[in-house]
Amino acid sequence: MTATFLALLLGHLIADFLLQSGWMVKNKRRIDVLMMHAALVLICMLATTGHLAHPAVIAVALAHLVIDFVKVRLPRQGLRAFTLDQALHLATLVIATRLAPDLWATGIWADAPPQALTWMALACGLILTIVVGGYAVGLLCAPYLAHVPEDGLPGAGRVIGNLERSLIFALVMAGQLGSIALLIGAKSILRFSTVAADRKASEYVIIGTLASFGWALVLSLAMQALLDHMPPLEIGPILP
């Protein structure tokens with residue numbers, strides 16, 4: 001059952017956060033774009049579960065289509081809508097796992113060694129920590145962006161956030177929690193000193209930094225706890 005859920009979750013994360021383009025997000029009110037996204041979700045989940053077709057995966061893709069159809073028509077598209085949208089998607093994955101727990105065991109990846117589950121969990125953790133965290137923090141800070149002058153490099157904030165969450169994930173996995181304090185201190189010196197004269201900008205930076213670090217730390221610690229109960233990773237191919 002754990003393998004089935006991880007496979008479905010990985011397929012969802014790849015389709016919703018790695019392969020979904022900005023153009024698709026902006027035009028998802030169009031039914032053809034929405035159908036295209038649902039087809040992408042279906043393909044990714046079939047690939048990660050190892051099936052050419054399966055009723056449970058098809059049902060999840062259809063549910064994804066309905067959820068997104070409703071979500072893009074909500075009057076507000078902020079953090080609350082994003083959280084509700086992802087919670088509903090997660091619920092469909094849980095239901096599908098309960099109804100078809102042998103989804104992984106009956107797919108083409110069934111003979112993969114136990115370490116494959118660990119790699120899937122690690123991939124899910126990376127995407128959740130770095131990419132999903134970027135969306136969540138961006139939506140949290142969006143209401144304040146209009147009050148802050150945009151005089152930096154275009155997209156630099158997103159890159160900095162991705163890098164800091166990546167470093168936190170790596171440090172937690174390596175058991176170097178103390179080094180995270182040095183990372184926070186280094187960023188504080190570099191960023192806060194440049195906006196200290198502007199109260200609005202400094203508050204914006206503080207909100208974004210604390211949210212980004214908090215998200216990365218919580219997700220990384222949760223992933224470390226999960227990996228402690230999974231087969232240890234080994235150097236070499238994960239497939240026979």
# chains A, B, ... in the order shown; residues from 1 in each chain; ligands from 1
>>> residues_around(residues="region 29-45 of chain A", least_positions_apart="5", cutoff="12 Å", atoms="only C-alpha atoms", output="number ranges by chain")
A: 4-24, 50-74, 89, 93, 96, 103-104, 107
>>> residues_around(residues="region 210-220 of chain A", least_positions_apart="3", cutoff="10 Å", atoms="only C-alpha atoms", output="MDAnalysis selection string")
chainID A and resid 122 125:126 128:130 132:134 136:138 140:141 161:162 164:173 177 180 183:184 205:207 223:226
>>> atom_distance(atom1="CA of Thr106 (chain A)", atom2="CA of Thr49 (chain A)")
8.8 Å
>>> select_by_dssp(residues="region 66-211 of chain A", states="helix (DSSP H, G or I)", output="ChimeraX atom specification")
/A:66-71,79-99,115-145,156-173,177-195,199-211
>>> atom_distance(atom1="CA of Ala91 (chain A)", atom2="CA of Asp111 (chain A)")
27.6 Å
>>> atom_distance(atom1="CA of Met120 (chain A)", atom2="CA of Asp228 (chain A)")
14.1 Å
>>> closest_residue(among="A:Gly178, A:Ala3, A:Pro231, A:Leu221", to="Pro101 (chain A)", atoms="only C-alpha atoms")
A:Ala3
>>> closest_residue(among="A:Leu163, A:Ala201, A:Ala105, A:Ala116", to="Val148 (chain A)", atoms="only C-alpha atoms")
A:Ala201
